[in-house]
Amino acid sequence: MQCFYVNSCAFMMSTSAQKTVTLQDKTFSVFIPENEILAAVKSIADKINADYSGKEILFVAVLNGSFLFAADLLKNILVANTIDFVKLASYSGTTTTGSVKQIIGLNVDVKNKTVIVLEDIVDTGITLENIYNQLAKMEPKEIKTAALLFKPQSYSKSIAIDYSGIEIPNDFIVGYGLDYDGLGRNLRDIYVLNNK
Ligand code: 5GP
Ligand code: MG
């Protein structure tokens, strides 16, 4: 075992073949390796580049979870673009609260722009619907949505996910920006919760 947080030792990673991490009281096993994540990000970027060649995009990334997805995606975007961030929260621990709290709002002119919302993961869809409806009132030219991860069995909204990376079952995951109680966002791979 290797301890990453020297003081609290809250984060342990095993060195066995099946990589696991322990965050506070929960253990997670590797689920989507970094190379697959980055390939999915590149594939989304390629599609956006093809669809918006010669045009300009305003990306709106939903913090906190999407910060790594947004960074890696933008490194692969070849068309003119700007980015802004909103901060919304709907999860507490390993479950959705069923409502969305806005912590930082939109601070950009959206009128007549092509907007692509960037979500790390779409689960029930309440977060996506919240930001989509806010943007729709601001008279954009169009709104598209991109999500690195998508839980179709949990999704209860009608907004299309225009650019979807990897579909996953209804499990709780961490890593690559996604957290458990604030921990684990730094993990390069994505991990799934053990022993549901
Ligand atoms: P939704 O509003 O679609 O139910 O959930 C959206 C937000 O909840 C995501 O942007 C993410 O922040 C959080 N979330 C949803 N599923 C998971 C998950 O499996 N793991 C983690 N860490 N966060 C999740
Ligand atoms: Mg998110």
# chains A, B, ... in the order shown; residues from 1 in each chain; ligands from 1
$ residues_near_ligand --ligand "ligand 2" --cutoff "7 Å" --atoms "only C-alpha atoms and all ligand atoms" --output "ChimeraX atom specification"
/A:62-66,119-121
$ residues_near_ligand --ligand "ligand 1" --cutoff "6 Å" --atoms "only C-alpha atoms and all ligand atoms" --output "number ranges by chain"
A: 65, 90-91, 96, 119-127, 171-174, 178-180
$ write_last_selection --atoms "C-alpha atoms" --output "PDB file, in the first residue's frame"
ATOM      1  CA  GLY A  65     -16.295  17.737 -11.993  1.00  0.00           C
ATOM      2  CA  SER A  90     -26.343  18.131  -7.059  1.00  0.00           C
ATOM      3  CA  TYR A  91     -24.489  15.238  -5.411  1.00  0.00           C
ATOM      4  CA  THR A  96     -27.948  12.740  -5.991  1.00  0.00           C
ATOM      5  CA  GLU A 119     -20.481  17.976 -18.313  1.00  0.00           C
ATOM      6  CA  ASP A 120     -18.169  15.380 -16.778  1.00  0.00           C
ATOM      7  CA  ILE A 121     -21.079  12.980 -16.289  1.00  0.00           C
ATOM      8  CA  VAL A 122     -24.812  13.069 -16.949  1.00  0.00           C
ATOM      9  CA  ASP A 123     -26.721  10.967 -14.438  1.00  0.00           C
ATOM     10  CA  THR A 124     -30.367  11.997 -13.780  1.00  0.00           C
ATOM     11  CA  GLY A 125     -29.887  15.037 -16.020  1.00  0.00           C
ATOM     12  CA  ILE A 126     -31.119  17.618 -13.491  1.00  0.00           C
ATOM     13  CA  THR A 127     -27.818  19.520 -13.624  1.00  0.00           C
ATOM     14  CA  ASP A 171     -22.781   2.917 -10.512  1.00  0.00           C
ATOM     15  CA  PHE A 172     -20.910   5.525  -8.492  1.00  0.00           C
ATOM     16  CA  ILE A 173     -17.524   6.408  -9.945  1.00  0.00           C
ATOM     17  CA  VAL A 174     -14.589   8.638  -9.031  1.00  0.00           C
ATOM     18  CA  LEU A 178     -15.074  13.193 -10.253  1.00  0.00           C
ATOM     19  CA  ASP A 179     -14.976  13.067  -6.467  1.00  0.00           C
ATOM     20  CA  TYR A 180     -16.179  11.281  -3.383  1.00  0.00           C
TER      21      TYR A 180
END
$ residues_around --residues "Ile48 of chain A" --least-positions-apart "2" --cutoff "9 Å" --atoms "only C-alpha atoms" --output "VMD selection string"
chain A and resid 43 to 46 50 to 53 77 to 79 163
$ write_last_selection --atoms "C-alpha atoms" --output "PDB file, in the first residue's frame"
ATOM      1  CA  SER A  43     -13.276  11.419 -30.265  1.00  0.00           C
ATOM      2  CA  ILE A  44     -15.665  14.097 -28.913  1.00  0.00           C
ATOM      3  CA  ALA A  45     -13.222  16.835 -29.968  1.00  0.00           C
ATOM      4  CA  ASP A  46     -12.884  15.340 -33.474  1.00  0.00           C
ATOM      5  CA  ALA A  50     -15.871  18.401 -37.949  1.00  0.00           C
ATOM      6  CA  ASP A  51     -19.287  19.901 -37.098  1.00  0.00           C
ATOM      7  CA  TYR A  52     -18.044  23.454 -36.438  1.00  0.00           C
ATOM      8  CA  SER A  53     -15.262  23.918 -38.973  1.00  0.00           C
ATOM      9  CA  ILE A  77     -10.262  21.658 -30.319  1.00  0.00           C
ATOM     10  CA  LEU A  78      -9.119  23.231 -33.577  1.00  0.00           C
ATOM     11  CA  VAL A  79     -11.967  25.704 -34.221  1.00  0.00           C
ATOM     12  CA  TYR A 163     -21.628  14.467 -27.893  1.00  0.00           C
TER      13      TYR A 163
END
$ atom_distance --atom1 "atom CA of Arg188 of chain A" --atom2 "atom CA of Glu167 of chain A"
18.4 Å
$ closest_residue --among "A:Glu56, A:Glu34, A:Glu129, A:Asp181" --to "Glu142 of chain A" --atoms "only C-alpha atoms"
A:Glu56
$ residues_around --residues "Val192 of chain A" --least-positions-apart "4" --cutoff "10 Å" --atoms "only C-alpha atoms" --output "list in words"
Thr20, Val21, Thr27, Phe28, Ser29, Val30, Phe31, Ile32, Asp171, Phe172, Ile173, Val174, Gly175 and Lys196 of chain A
$ write_last_selection --atoms "N, CA and C atoms" --output "mmCIF file, in the first residue's frame"
data_model
loop_
_atom_site.group_PDB
_atom_site.id
_atom_site.type_symbol
_atom_site.label_atom_id
_atom_site.label_comp_id
_atom_site.auth_asym_id
_atom_site.auth_seq_id
_atom_site.Cartn_x
_atom_site.Cartn_y
_atom_site.Cartn_z
ATOM 1 N N THR A 20 -6.812 -0.599 -6.843
ATOM 2 C CA THR A 20 -7.921 -0.083 -6.034
ATOM 3 C C THR A 20 -7.461 1.180 -5.310
ATOM 4 N N VAL A 21 -8.442 2.019 -4.974
ATOM 5 C CA VAL A 21 -8.142 3.170 -4.120
ATOM 6 C C VAL A 21 -9.149 3.190 -2.983
ATOM 7 N N THR A 27 -13.967 1.885 -0.832
ATOM 8 C CA THR A 27 -12.918 1.371 -1.723
ATOM 9 C C THR A 27 -13.474 1.277 -3.139
ATOM 10 N N PHE A 28 -12.633 1.640 -4.087
ATOM 11 C CA PHE A 28 -13.025 1.699 -5.495
ATOM 12 C C PHE A 28 -12.013 0.898 -6.319
ATOM 13 N N SER A 29 -12.496 0.278 -7.411
ATOM 14 C CA SER A 29 -11.606 -0.478 -8.307
ATOM 15 C C SER A 29 -11.542 0.207 -9.656
ATOM 16 N N VAL A 30 -10.395 0.061 -10.307
ATOM 17 C CA VAL A 30 -10.226 0.737 -11.601
ATOM 18 C C VAL A 30 -11.282 0.229 -12.578
ATOM 19 N N PHE A 31 -11.843 1.155 -13.341
ATOM 20 C CA PHE A 31 -13.011 0.863 -14.177
ATOM 21 C C PHE A 31 -12.767 1.302 -15.631
ATOM 22 N N ILE A 32 -12.308 2.536 -15.810
ATOM 23 C CA ILE A 32 -11.968 3.014 -17.161
ATOM 24 C C ILE A 32 -10.547 3.576 -17.108
ATOM 25 N N ASP A 171 -23.689 3.105 -11.652
ATOM 26 C CA ASP A 171 -22.781 2.917 -10.512
ATOM 27 C C ASP A 171 -22.131 4.241 -10.141
ATOM 28 N N PHE A 172 -21.604 4.311 -8.933
ATOM 29 C CA PHE A 172 -20.910 5.525 -8.492
ATOM 30 C C PHE A 172 -19.425 5.419 -8.831
ATOM 31 N N ILE A 173 -18.927 6.435 -9.509
ATOM 32 C CA ILE A 173 -17.524 6.408 -9.945
ATOM 33 C C ILE A 173 -16.776 7.641 -9.432
ATOM 34 N N VAL A 174 -15.460 7.507 -9.405
ATOM 35 C CA VAL A 174 -14.589 8.638 -9.031
ATOM 36 C C VAL A 174 -13.380 8.663 -9.965
ATOM 37 N N GLY A 175 -12.690 9.799 -9.949
ATOM 38 C CA GLY A 175 -11.461 9.951 -10.731
ATOM 39 C C GLY A 175 -11.676 10.834 -11.940
ATOM 40 N N LYS A 196 -21.399 -2.652 -3.686
ATOM 41 C CA LYS A 196 -22.593 -1.792 -3.602
ATOM 42 C C LYS A 196 -23.585 -2.378 -2.608
#
